[in-house]
$ cat my_file-v3.cif   # mmCIF, C-alpha atoms, pLDDT in the B column; chains and numbers go by the auth columns
data_upload
#
loop_
_atom_site.group_PDB
_atom_site.id
_atom_site.type_symbol
_atom_site.label_atom_id
_atom_site.label_comp_id
_atom_site.label_asym_id
_atom_site.label_seq_id
_atom_site.Cartn_x
_atom_site.Cartn_y
_atom_site.Cartn_z
_atom_site.B_iso_or_equiv
_atom_site.auth_seq_id
_atom_site.auth_asym_id
ATOM 1 C CA MET A 1 -14.297 1.866 -17.425 40.00 1 A
ATOM 2 C CA LYS A 2 -13.898 3.023 -21.011 41.00 2 A
ATOM 3 C CA THR A 3 -15.974 6.167 -20.363 44.00 3 A
ATOM 4 C CA LYS A 4 -14.110 6.861 -17.124 44.00 4 A
ATOM 5 C CA GLU A 5 -10.763 6.764 -18.937 43.00 5 A
ATOM 6 C CA ARG A 6 -12.017 9.045 -21.665 39.00 6 A
ATOM 7 C CA THR A 7 -13.157 11.730 -19.215 41.00 7 A
ATOM 8 C CA ILE A 8 -9.759 11.741 -17.536 37.00 8 A
ATOM 9 C CA GLU A 9 -7.908 11.998 -20.822 37.00 9 A
ATOM 10 C CA GLU A 10 -9.945 15.061 -21.769 40.00 10 A
ATOM 11 C CA LYS A 11 -8.669 16.906 -18.701 47.00 11 A
ATOM 12 C CA ILE A 12 -5.163 15.413 -18.738 59.00 12 A
ATOM 13 C CA CYS A 13 -4.313 16.128 -15.137 84.00 13 A
ATOM 14 C CA PRO A 14 -1.494 13.714 -14.315 90.00 14 A
ATOM 15 C CA LEU A 15 -2.397 13.718 -10.620 88.00 15 A
ATOM 16 C CA GLU A 16 -6.025 12.813 -11.253 84.00 16 A
ATOM 17 C CA PHE A 17 -4.914 10.187 -13.742 87.00 17 A
ATOM 18 C CA ALA A 18 -2.575 8.681 -11.144 91.00 18 A
ATOM 19 C CA VAL A 19 -5.223 8.702 -8.422 87.00 19 A
ATOM 20 C CA ASN A 20 -7.738 6.978 -10.686 87.00 20 A
ATOM 21 C CA ALA A 21 -5.229 4.277 -11.614 90.00 21 A
ATOM 22 C CA ILE A 22 -4.633 3.312 -7.983 89.00 22 A
ATOM 23 C CA SER A 23 -8.024 4.017 -6.429 84.00 23 A
ATOM 24 C CA GLY A 24 -9.592 0.592 -7.078 81.00 24 A
ATOM 25 C CA LYS A 25 -10.536 -0.938 -3.731 78.00 25 A
ATOM 26 C CA TRP A 26 -7.613 -3.411 -3.393 87.00 26 A
ATOM 27 C CA LYS A 27 -5.075 -1.994 -5.825 92.00 27 A
ATOM 28 C CA ILE A 28 -2.683 -0.472 -3.309 90.00 28 A
ATOM 29 C CA PRO A 29 -2.586 -3.594 -1.076 88.00 29 A
ATOM 30 C CA ILE A 30 -2.105 -5.746 -4.211 92.00 30 A
ATOM 31 C CA VAL A 31 0.802 -3.667 -5.530 94.00 31 A
ATOM 32 C CA TRP A 32 2.297 -3.490 -2.032 90.00 32 A
ATOM 33 C CA ARG A 33 2.154 -7.271 -1.553 91.00 33 A
ATOM 34 C CA ILE A 34 3.611 -7.998 -4.978 95.00 34 A
ATOM 35 C CA ASN A 35 6.479 -5.693 -4.028 94.00 35 A
ATOM 36 C CA GLU A 36 6.954 -7.775 -0.886 91.00 36 A
ATOM 37 C CA GLY A 37 7.323 -10.912 -2.994 92.00 37 A
ATOM 38 C CA GLU A 38 3.796 -12.297 -3.223 91.00 38 A
ATOM 39 C CA LYS A 39 3.540 -13.215 -6.891 92.00 39 A
ATOM 40 C CA ARG A 40 0.584 -15.591 -7.007 93.00 40 A
ATOM 41 C CA PRO A 41 -3.112 -14.678 -6.625 91.00 41 A
ATOM 42 C CA SER A 42 -3.563 -17.548 -4.125 90.00 42 A
ATOM 43 C CA GLU A 43 -0.972 -15.921 -1.825 89.00 43 A
ATOM 44 C CA MET A 44 -2.727 -12.545 -2.113 89.00 44 A
ATOM 45 C CA LEU A 45 -6.081 -14.142 -1.254 88.00 45 A
ATOM 46 C CA ARG A 46 -4.588 -15.454 1.981 85.00 46 A
ATOM 47 C CA GLY A 47 -3.113 -12.059 2.830 79.00 47 A
ATOM 48 C CA ILE A 48 -5.990 -9.747 1.910 78.00 48 A
ATOM 49 C CA THR A 49 -8.738 -11.581 3.781 74.00 49 A
ATOM 50 C CA LYS A 50 -11.686 -9.495 2.654 79.00 50 A
ATOM 51 C CA VAL A 51 -11.136 -9.735 -1.110 84.00 51 A
ATOM 52 C CA ASP A 52 -12.714 -12.466 -3.232 89.00 52 A
ATOM 53 C CA ARG A 53 -11.093 -14.156 -6.210 91.00 53 A
ATOM 54 C CA ARG A 54 -13.248 -12.493 -8.857 93.00 54 A
ATOM 55 C CA VAL A 55 -12.577 -8.961 -7.570 92.00 55 A
ATOM 56 C CA LEU A 56 -8.875 -9.730 -7.141 94.00 56 A
ATOM 57 C CA ASN A 57 -8.603 -10.906 -10.750 94.00 57 A
ATOM 58 C CA GLN A 58 -10.436 -7.833 -12.007 94.00 58 A
ATOM 59 C CA GLN A 59 -8.090 -5.499 -10.120 95.00 59 A
ATOM 60 C CA LEU A 60 -5.038 -7.455 -11.301 96.00 60 A
ATOM 61 C CA ASN A 61 -6.236 -7.206 -14.920 96.00 61 A
ATOM 62 C CA GLU A 62 -6.694 -3.438 -14.622 95.00 62 A
ATOM 63 C CA LEU A 63 -3.217 -3.056 -13.127 96.00 63 A
ATOM 64 C CA VAL A 64 -1.798 -5.056 -16.054 97.00 64 A
ATOM 65 C CA ALA A 65 -3.765 -2.899 -18.541 95.00 65 A
ATOM 66 C CA ASP A 66 -2.362 0.246 -16.911 95.00 66 A
ATOM 67 C CA GLY A 67 1.207 -1.014 -17.316 96.00 67 A
ATOM 68 C CA ILE A 68 1.800 -1.308 -13.563 97.00 68 A
ATOM 69 C CA LEU A 69 1.996 -5.127 -13.453 97.00 69 A
ATOM 70 C CA ILE A 70 3.199 -7.872 -15.781 97.00 70 A
ATOM 71 C CA LYS A 71 1.310 -11.163 -15.866 97.00 71 A
ATOM 72 C CA GLU A 72 3.185 -14.377 -16.617 96.00 72 A
ATOM 73 C CA SER A 73 1.355 -17.619 -17.271 95.00 73 A
ATOM 74 C CA PHE A 74 3.285 -20.881 -16.924 94.00 74 A
ATOM 75 C CA ASN A 75 2.067 -23.825 -18.943 91.00 75 A
ATOM 76 C CA GLU A 76 2.181 -26.318 -16.099 91.00 76 A
ATOM 77 C CA LEU A 77 -0.213 -28.656 -14.383 90.00 77 A
ATOM 78 C CA PRO A 78 -1.865 -27.130 -12.412 88.00 78 A
ATOM 79 C CA PRO A 79 -1.447 -23.896 -14.436 88.00 79 A
ATOM 80 C CA ARG A 80 0.584 -21.255 -12.634 92.00 80 A
ATOM 81 C CA VAL A 81 0.139 -17.479 -12.941 95.00 81 A
ATOM 82 C CA GLU A 82 2.537 -14.924 -11.488 97.00 82 A
ATOM 83 C CA TYR A 83 2.438 -11.141 -11.338 97.00 83 A
ATOM 84 C CA SER A 84 5.364 -8.764 -11.008 97.00 84 A
ATOM 85 C CA LEU A 85 5.943 -5.006 -11.065 98.00 85 A
ATOM 86 C CA THR A 86 6.929 -3.186 -14.256 97.00 86 A
ATOM 87 C CA PRO A 87 9.437 -0.288 -13.978 97.00 87 A
ATOM 88 C CA LEU A 88 6.371 2.006 -13.778 97.00 88 A
ATOM 89 C CA GLY A 89 5.008 -0.180 -10.966 97.00 89 A
ATOM 90 C CA LYS A 90 8.308 0.041 -9.092 97.00 90 A
ATOM 91 C CA LYS A 91 8.192 3.831 -9.346 97.00 91 A
ATOM 92 C CA LEU A 92 4.677 3.712 -7.905 97.00 92 A
ATOM 93 C CA ILE A 93 6.085 1.829 -4.893 96.00 93 A
ATOM 94 C CA ASP A 94 8.487 4.757 -4.277 96.00 94 A
ATOM 95 C CA VAL A 95 5.523 7.150 -4.231 96.00 95 A
ATOM 96 C CA LEU A 96 3.549 4.827 -1.945 94.00 96 A
ATOM 97 C CA TRP A 97 6.445 4.877 0.514 95.00 97 A
ATOM 98 C CA LYS A 98 6.191 8.684 0.596 96.00 98 A
ATOM 99 C CA LEU A 99 2.452 8.363 1.191 94.00 99 A
ATOM 100 C CA ASN A 100 3.138 5.787 3.915 94.00 100 A
ATOM 101 C CA ASP A 101 5.507 8.251 5.631 96.00 101 A
ATOM 102 C CA TRP A 102 2.824 10.909 5.446 97.00 102 A
ATOM 103 C CA GLY A 103 0.311 8.383 6.869 95.00 103 A
ATOM 104 C CA ASN A 104 2.618 8.015 9.874 95.00 104 A
ATOM 105 C CA LEU A 105 2.499 11.781 10.449 95.00 105 A
ATOM 106 C CA LEU A 106 -1.275 11.692 10.111 95.00 106 A
ATOM 107 C CA LEU A 107 -1.495 8.877 12.677 93.00 107 A
ATOM 108 C CA GLU A 108 0.665 10.895 15.082 91.00 108 A
ATOM 109 C CA THR A 109 -1.600 13.949 14.844 87.00 109 A
ATOM 110 C CA LYS A 110 -4.635 11.681 15.387 80.00 110 A
ATOM 111 C CA LYS A 111 -3.122 10.293 18.588 76.00 111 A
ATOM 112 C CA ILE A 112 -2.659 13.720 20.163 62.00 112 A
ATOM 113 C CA MET B 1 -4.913 -18.914 12.316 37.00 1 B
ATOM 114 C CA LYS B 2 -7.879 -16.906 13.512 40.00 2 B
ATOM 115 C CA THR B 3 -5.640 -14.819 15.752 41.00 3 B
ATOM 116 C CA LYS B 4 -3.185 -14.219 12.933 42.00 4 B
ATOM 117 C CA GLU B 5 -5.920 -13.037 10.541 42.00 5 B
ATOM 118 C CA ARG B 6 -7.307 -10.716 13.171 37.00 6 B
ATOM 119 C CA THR B 7 -3.950 -9.108 13.805 39.00 7 B
ATOM 120 C CA ILE B 8 -3.514 -8.427 10.093 40.00 8 B
ATOM 121 C CA GLU B 9 -6.935 -6.806 9.837 40.00 9 B
ATOM 122 C CA GLU B 10 -6.469 -4.809 13.020 41.00 10 B
ATOM 123 C CA LYS B 11 -2.956 -3.686 12.170 51.00 11 B
ATOM 124 C CA ILE B 12 -2.983 0.039 11.437 62.00 12 B
ATOM 125 C CA CYS B 13 -1.169 0.470 8.149 84.00 13 B
ATOM 126 C CA PRO B 14 -0.052 4.116 7.717 90.00 14 B
ATOM 127 C CA LEU B 15 -0.420 3.791 3.960 88.00 15 B
ATOM 128 C CA GLU B 16 -4.034 2.618 4.222 84.00 16 B
ATOM 129 C CA PHE B 17 -4.708 5.369 6.723 88.00 17 B
ATOM 130 C CA ALA B 18 -3.239 7.968 4.347 91.00 18 B
ATOM 131 C CA VAL B 19 -5.203 6.663 1.378 87.00 19 B
ATOM 132 C CA ASN B 20 -8.442 6.756 3.367 87.00 20 B
ATOM 133 C CA ALA B 21 -7.817 10.354 4.423 90.00 21 B
ATOM 134 C CA ILE B 22 -7.441 11.594 0.848 89.00 22 B
ATOM 135 C CA SER B 23 -9.802 9.278 -1.020 84.00 23 B
ATOM 136 C CA GLY B 24 -12.962 11.383 -0.640 81.00 24 B
ATOM 137 C CA LYS B 25 -14.220 12.330 -4.108 77.00 25 B
ATOM 138 C CA TRP B 26 -12.970 15.939 -4.193 87.00 26 B
ATOM 139 C CA LYS B 27 -10.332 15.982 -1.487 92.00 27 B
ATOM 140 C CA ILE B 28 -7.269 15.986 -3.713 91.00 28 B
ATOM 141 C CA PRO B 29 -8.571 18.767 -6.020 88.00 29 B
ATOM 142 C CA ILE B 30 -9.584 20.776 -2.916 92.00 30 B
ATOM 143 C CA VAL B 31 -6.169 20.460 -1.256 94.00 31 B
ATOM 144 C CA TRP B 32 -4.454 21.191 -4.568 90.00 32 B
ATOM 145 C CA ARG B 33 -6.481 24.357 -5.164 90.00 33 B
ATOM 146 C CA ILE B 34 -5.963 25.649 -1.635 94.00 34 B
ATOM 147 C CA ASN B 35 -2.241 25.184 -2.232 94.00 35 B
ATOM 148 C CA GLU B 36 -2.607 27.300 -5.372 91.00 36 B
ATOM 149 C CA GLY B 37 -4.127 30.115 -3.319 92.00 37 B
ATOM 150 C CA GLU B 38 -7.858 29.481 -3.474 91.00 38 B
ATOM 151 C CA LYS B 39 -8.920 30.023 0.106 92.00 39 B
ATOM 152 C CA ARG B 40 -12.666 30.493 -0.113 93.00 40 B
ATOM 153 C CA PRO B 41 -15.309 27.827 -0.843 91.00 41 B
ATOM 154 C CA SER B 42 -16.913 30.115 -3.471 89.00 42 B
ATOM 155 C CA GLU B 43 -13.633 30.132 -5.443 89.00 43 B
ATOM 156 C CA MET B 44 -13.417 26.333 -5.248 89.00 44 B
ATOM 157 C CA LEU B 45 -16.999 25.987 -6.481 88.00 45 B
ATOM 158 C CA ARG B 46 -16.075 27.973 -9.582 85.00 46 B
ATOM 159 C CA GLY B 47 -12.976 25.834 -10.179 79.00 47 B
ATOM 160 C CA ILE B 48 -14.327 22.351 -9.471 78.00 48 B
ATOM 161 C CA THR B 49 -17.378 22.523 -11.666 73.00 49 B
ATOM 162 C CA LYS B 50 -18.970 19.197 -10.754 79.00 50 B
ATOM 163 C CA VAL B 51 -19.012 19.612 -6.971 84.00 51 B
ATOM 164 C CA ASP B 52 -21.993 21.084 -5.124 89.00 52 B
ATOM 165 C CA ARG B 53 -21.773 23.292 -2.057 91.00 53 B
ATOM 166 C CA ARG B 54 -23.032 20.664 0.424 93.00 54 B
ATOM 167 C CA VAL B 55 -20.512 18.038 -0.692 92.00 55 B
ATOM 168 C CA LEU B 56 -17.706 20.615 -0.784 94.00 56 B
ATOM 169 C CA ASN B 57 -18.435 21.665 2.817 94.00 57 B
ATOM 170 C CA GLN B 58 -18.531 18.036 3.957 94.00 58 B
ATOM 171 C CA GLN B 59 -15.153 17.311 2.373 95.00 59 B
ATOM 172 C CA LEU B 60 -13.683 20.533 3.810 96.00 60 B
ATOM 173 C CA ASN B 61 -14.933 19.589 7.293 96.00 61 B
ATOM 174 C CA GLU B 62 -13.349 16.132 7.041 95.00 62 B
ATOM 175 C CA LEU B 63 -10.046 17.657 5.925 96.00 63 B
ATOM 176 C CA VAL B 64 -10.159 20.008 8.920 97.00 64 B
ATOM 177 C CA ALA B 65 -10.984 17.075 11.269 95.00 65 B
ATOM 178 C CA ASP B 66 -7.989 15.150 9.867 95.00 66 B
ATOM 179 C CA GLY B 67 -5.645 18.068 10.588 96.00 67 B
ATOM 180 C CA ILE B 68 -4.924 18.733 6.905 97.00 68 B
ATOM 181 C CA LEU B 69 -6.716 22.108 6.708 97.00 69 B
ATOM 182 C CA ILE B 70 -7.343 25.008 9.073 97.00 70 B
ATOM 183 C CA LYS B 71 -10.666 26.850 8.881 97.00 71 B
ATOM 184 C CA GLU B 72 -10.810 30.549 9.731 96.00 72 B
ATOM 185 C CA SER B 73 -14.123 32.347 10.124 95.00 73 B
ATOM 186 C CA PHE B 74 -14.134 36.135 9.883 94.00 74 B
ATOM 187 C CA ASN B 75 -16.900 37.956 11.685 91.00 75 B
ATOM 188 C CA GLU B 76 -17.807 40.237 8.805 91.00 76 B
ATOM 189 C CA LEU B 77 -20.889 41.034 6.788 91.00 77 B
ATOM 190 C CA PRO B 78 -21.293 38.955 4.709 88.00 78 B
ATOM 191 C CA PRO B 79 -19.458 36.341 6.838 88.00 79 B
ATOM 192 C CA ARG B 80 -16.171 35.205 5.318 92.00 80 B
ATOM 193 C CA VAL B 81 -14.635 31.726 5.670 95.00 81 B
ATOM 194 C CA GLU B 82 -11.128 30.831 4.545 97.00 82 B
ATOM 195 C CA TYR B 83 -9.226 27.557 4.490 97.00 83 B
ATOM 196 C CA SER B 84 -5.477 27.043 4.520 97.00 84 B
ATOM 197 C CA LEU B 85 -3.063 24.117 4.734 98.00 85 B
ATOM 198 C CA THR B 86 -1.605 22.978 8.052 97.00 86 B
ATOM 199 C CA PRO B 87 2.057 21.804 8.106 97.00 87 B
ATOM 200 C CA LEU B 88 0.645 18.262 7.654 97.00 88 B
ATOM 201 C CA GLY B 89 -1.353 19.501 4.670 97.00 89 B
ATOM 202 C CA LYS B 90 1.753 21.075 3.140 97.00 90 B
ATOM 203 C CA LYS B 91 3.588 17.759 3.477 97.00 91 B
ATOM 204 C CA LEU B 92 0.688 16.093 1.685 97.00 92 B
ATOM 205 C CA ILE B 93 1.214 18.524 -1.210 96.00 93 B
ATOM 206 C CA ASP B 94 4.824 17.275 -1.511 96.00 94 B
ATOM 207 C CA VAL B 95 3.558 13.698 -1.782 96.00 95 B
ATOM 208 C CA LEU B 96 0.909 14.720 -4.310 95.00 96 B
ATOM 209 C CA TRP B 97 3.634 16.256 -6.474 95.00 97 B
ATOM 210 C CA LYS B 98 5.402 12.864 -6.483 96.00 98 B
ATOM 211 C CA LEU B 99 2.126 11.219 -7.448 95.00 99 B
ATOM 212 C CA ASN B 100 1.654 13.852 -10.160 94.00 100 B
ATOM 213 C CA ASP B 101 5.109 13.025 -11.560 96.00 101 B
ATOM 214 C CA TRP B 102 4.180 9.345 -11.571 97.00 102 B
ATOM 215 C CA GLY B 103 0.900 10.241 -13.307 95.00 103 B
ATOM 216 C CA ASN B 104 2.949 11.846 -16.077 95.00 104 B
ATOM 217 C CA LEU B 105 4.864 8.586 -16.557 96.00 105 B
ATOM 218 C CA LEU B 106 1.557 6.689 -16.603 95.00 106 B
ATOM 219 C CA LEU B 107 0.182 9.062 -19.248 93.00 107 B
ATOM 220 C CA GLU B 108 3.301 8.514 -21.364 91.00 108 B
ATOM 221 C CA THR B 109 2.925 4.724 -21.278 86.00 109 B
ATOM 222 C CA LYS B 110 -0.773 5.099 -22.161 80.00 110 B
ATOM 223 C CA LYS B 111 0.071 7.163 -25.230 76.00 111 B
ATOM 224 C CA ILE B 112 2.448 4.562 -26.662 62.00 112 B
#
$ encode --input "my_file-v3.cif" --output "structure tokens"
Amino acid sequence: MKTKERTIEEKICPLEFAVNAISGKWKIPIVWRINEGEKRPSEMLRGITKVDRRVLNQQLNELVADGILIKESFNELPPRVEYSLTPLGKKLIDVLWKLNDWGNLLLETKKI
Amino acid sequence: MKTKERTIEEKICPLEFAVNAISGKWKIPIVWRINEGEKRPSEMLRGITKVDRRVLNQQLNELVADGILIKESFNELPPRVEYSLTPLGKKLIDVLWKLNDWGNLLLETKKI
């Protein structure tokens, strides 16, 4: 991960940097679901059926490290953890909507 | 419950579809370069230093199959092949610019 980041920084192509930040297997579904109000990992595990807890946590940690998500831990019993979007994360959602619109066009051409 | 899970998995999400179409290793650089006027595979090979000819051709073929690129073969000696963006491909470029802008924001937060 460290080496990967270093290579990108040497090139400094914002597009490549962006793609790398969101290209982890479940990152887009995670960000999308958090935007739809799913704050807790347990909710995400129910929604994204194919992901396991360990992978989910890893992806969540990377998204926090990239400044896309904020993690809040509540000192309760049982302990509660919630994730939410940072302003940068919210701007990513806007871009993902554009990509979603383009995906609709792509689906239309596939149907022809 | 089983039925519900199945419907979620089977549901065609345009965003997921879009991400899958552009997530091949060199697809974004390829589309980007074609937009900048590089039409011939030999030009792309010079620009994207790490890609080999076989992989480049495979990615180009997939982009053609997805309706993002058009391939034109000229019956010359030596034979000439050129790629260009379809209207769908040009719309993808617009989305990639948005992602590029977001990548700039991401780079800024990384520098702090």
$ resolve_selection --input "my_file-v3.cif" --expression "the PyMOL selection byres ((chain A) within 10 of (chain B))" --output "count of residues only"
45
$ atom_distance --input "my_file-v3.cif" --atom1 "CA of Leu77 (chain A)" --atom2 "CA of Asn61 (chain A)"
22.3 Å
$ residues_around --input "my_file-v3.cif" --residues "Arg40 (chain B)" --least-positions-apart "4" --cutoff "9 Å" --atoms "only C-alpha atoms" --output "ChimeraX atom specification"
/B:34,44-45,80-83
$ calpha_fit_and_write --input "my_file-v3.cif" --fixed "chain A" --moving "chain B" --output "tab-separated table (two decimals) with C-alpha atoms, keeping the file's coordinate frame"
chain	number	residue	atom	x	y	z
B	1	MET	CA	-19.43	27.30	-22.17
B	2	LYS	CA	-20.54	23.89	-23.34
B	3	THR	CA	-17.30	23.43	-25.27
B	4	LYS	CA	-15.24	24.49	-22.28
B	5	GLU	CA	-16.99	22.03	-19.94
B	6	ARG	CA	-16.51	19.23	-22.43
B	7	THR	CA	-12.80	19.88	-22.74
B	8	ILE	CA	-12.40	19.73	-18.96
B	9	GLU	CA	-14.25	16.42	-18.75
B	10	GLU	CA	-12.41	14.96	-21.72
B	11	LYS	CA	-9.00	16.14	-20.58
B	12	ILE	CA	-6.92	13.15	-19.53
B	13	CYS	CA	-5.52	13.99	-16.12
B	14	PRO	CA	-2.53	11.72	-15.31
B	15	LEU	CA	-3.38	11.91	-11.63
B	16	GLU	CA	-6.95	10.73	-12.18
B	17	PHE	CA	-5.66	8.01	-14.47
B	18	ALA	CA	-3.18	6.86	-11.80
B	19	VAL	CA	-5.81	6.88	-9.07
B	20	ASN	CA	-8.18	4.83	-11.21
B	21	ALA	CA	-5.48	2.24	-11.91
B	22	ILE	CA	-4.80	1.60	-8.23
B	23	SER	CA	-8.23	2.16	-6.70
B	24	GLY	CA	-9.52	-1.41	-7.06
B	25	LYS	CA	-10.32	-2.78	-3.60
B	26	TRP	CA	-7.21	-4.96	-3.13
B	27	LYS	CA	-4.80	-3.55	-5.68
B	28	ILE	CA	-2.54	-1.67	-3.30
B	29	PRO	CA	-2.19	-4.59	-0.83
B	30	ILE	CA	-1.54	-6.93	-3.80
B	31	VAL	CA	1.19	-4.74	-5.29
B	32	TRP	CA	2.68	-4.19	-1.84
B	33	ARG	CA	2.83	-7.92	-1.08
B	34	ILE	CA	4.34	-8.80	-4.45
B	35	ASN	CA	7.02	-6.21	-3.69
B	36	GLU	CA	7.66	-8.01	-0.41
B	37	GLY	CA	8.26	-11.26	-2.28
B	38	GLU	CA	4.87	-12.93	-2.39
B	39	LYS	CA	4.66	-14.14	-5.96
B	40	ARG	CA	1.89	-16.71	-5.90
B	41	PRO	CA	-1.86	-16.08	-5.55
B	42	SER	CA	-2.08	-18.77	-2.82
B	43	GLU	CA	0.39	-16.78	-0.68
B	44	MET	CA	-1.62	-13.58	-1.20
B	45	LEU	CA	-4.84	-15.36	-0.20
B	46	ARG	CA	-3.23	-16.30	3.11
B	47	GLY	CA	-2.03	-12.73	3.69
B	48	ILE	CA	-5.08	-10.74	2.60
B	49	THR	CA	-7.65	-12.58	4.64
B	50	LYS	CA	-10.79	-10.86	3.35
B	51	VAL	CA	-10.22	-11.37	-0.37
B	52	ASP	CA	-11.59	-14.38	-2.24
B	53	ARG	CA	-9.84	-16.16	-5.09
B	54	ARG	CA	-12.15	-14.87	-7.86
B	55	VAL	CA	-11.75	-11.23	-6.84
B	56	LEU	CA	-7.99	-11.66	-6.37
B	57	ASN	CA	-7.63	-13.07	-9.90
B	58	GLN	CA	-9.71	-10.24	-11.36
B	59	GLN	CA	-7.55	-7.61	-9.66
B	60	LEU	CA	-4.35	-9.41	-10.73
B	61	ASN	CA	-5.58	-9.51	-14.34
B	62	GLU	CA	-6.34	-5.78	-14.31
B	63	LEU	CA	-2.89	-5.03	-12.89
B	64	VAL	CA	-1.33	-7.11	-15.67
B	65	ALA	CA	-3.48	-5.32	-18.31
B	66	ASP	CA	-2.31	-1.95	-16.92
B	67	GLY	CA	1.35	-2.96	-17.25
B	68	ILE	CA	1.97	-2.93	-13.49
B	69	LEU	CA	2.46	-6.70	-13.10
B	70	ILE	CA	3.87	-9.51	-15.23
B	71	LYS	CA	2.24	-12.94	-15.06
B	72	GLU	CA	4.36	-16.05	-15.59
B	73	SER	CA	2.77	-19.46	-16.00
B	74	PHE	CA	4.94	-22.52	-15.43
B	75	ASN	CA	3.94	-25.69	-17.21
B	76	GLU	CA	4.26	-27.95	-14.20
B	77	LEU	CA	2.05	-30.33	-12.29
B	78	PRO	CA	0.31	-28.80	-10.42
B	79	PRO	CA	0.47	-25.70	-12.67
B	80	ARG	CA	2.32	-22.79	-11.08
B	81	VAL	CA	1.57	-19.09	-11.65
B	82	GLU	CA	3.77	-16.26	-10.42
B	83	TYR	CA	3.40	-12.49	-10.55
B	84	SER	CA	6.13	-9.88	-10.42
B	85	LEU	CA	6.40	-6.10	-10.76
B	86	THR	CA	7.23	-4.46	-14.08
B	87	PRO	CA	9.50	-1.36	-14.04
B	88	LEU	CA	6.26	0.69	-13.98
B	89	GLY	CA	5.08	-1.36	-11.01
B	90	LYS	CA	8.36	-0.75	-9.18
B	91	LYS	CA	7.95	2.99	-9.71
B	92	LEU	CA	4.46	2.71	-8.23
B	93	ILE	CA	6.03	1.16	-5.11
B	94	ASP	CA	8.19	4.31	-4.72
B	95	VAL	CA	5.06	6.46	-4.83
B	96	LEU	CA	3.27	4.18	-2.37
B	97	TRP	CA	6.16	4.62	0.06
B	98	LYS	CA	5.61	8.41	-0.13
B	99	LEU	CA	1.92	7.85	0.51
B	100	ASN	CA	2.81	5.55	3.41
B	101	ASP	CA	4.99	8.30	4.92
B	102	TRP	CA	2.09	10.73	4.56
B	103	GLY	CA	-0.20	8.15	6.19
B	104	ASN	CA	2.13	8.16	9.19
B	105	LEU	CA	1.73	11.94	9.49
B	106	LEU	CA	-2.05	11.53	9.19
B	107	LEU	CA	-2.03	8.91	11.95
B	108	GLU	CA	-0.03	11.27	14.18
B	109	THR	CA	-2.53	14.11	13.74
B	110	LYS	CA	-5.38	11.67	14.45
B	111	LYS	CA	-3.79	10.62	17.73
B	112	ILE	CA	-3.52	14.17	19.06
$ atom_distance --input "my_file-v3.cif" --atom1 "CA of Lys111 (chain B)" --atom2 "CA of Val64 (chain A)"
15.4 Å
$ residues_around --input "my_file-v3.cif" --residues "Leu56 (chain A)" --least-positions-apart "3" --cutoff "9 Å" --atoms "only C-alpha atoms" --output "PyMOL selection string"
chain A and resi 26-27+30+41+44-45+51-53+59-61
$ residues_near_point --input "my_file-v3.cif" --point "(8.8, -7.5, -5.4)" --cutoff "10 Å" --atoms "only C-alpha atoms" --output "mmCIF file with C-alpha atoms, in the frame of the given file"
data_model
loop_
_atom_site.group_PDB
_atom_site.id
_atom_site.type_symbol
_atom_site.label_atom_id
_atom_site.label_comp_id
_atom_site.auth_asym_id
_atom_site.auth_seq_id
_atom_site.Cartn_x
_atom_site.Cartn_y
_atom_site.Cartn_z
ATOM 1 C CA VAL A 31 0.802 -3.667 -5.530
ATOM 2 C CA TRP A 32 2.297 -3.490 -2.032
ATOM 3 C CA ARG A 33 2.154 -7.271 -1.553
ATOM 4 C CA ILE A 34 3.611 -7.998 -4.978
ATOM 5 C CA ASN A 35 6.479 -5.693 -4.028
ATOM 6 C CA GLU A 36 6.954 -7.775 -0.886
ATOM 7 C CA GLY A 37 7.323 -10.912 -2.994
ATOM 8 C CA GLU A 38 3.796 -12.297 -3.223
ATOM 9 C CA LYS A 39 3.540 -13.215 -6.891
ATOM 10 C CA TYR A 83 2.438 -11.141 -11.338
ATOM 11 C CA SER A 84 5.364 -8.764 -11.008
ATOM 12 C CA LEU A 85 5.943 -5.006 -11.065
ATOM 13 C CA GLY A 89 5.008 -0.180 -10.966
ATOM 14 C CA LYS A 90 8.308 0.041 -9.092
ATOM 15 C CA ILE A 93 6.085 1.829 -4.893
#
$ atom_distance --input "my_file-v3.cif" --atom1 "CA of Gln58 (chain B)" --atom2 "CA of Pro79 (chain B)"
18.6 Å
$ closest_residue --input "my_file-v3.cif" --among "B:Asn75, B:Leu63, B:Val55, B:Leu69" --to "Pro87 (chain B)" --atoms "all atoms listed in the file"
B:Leu69
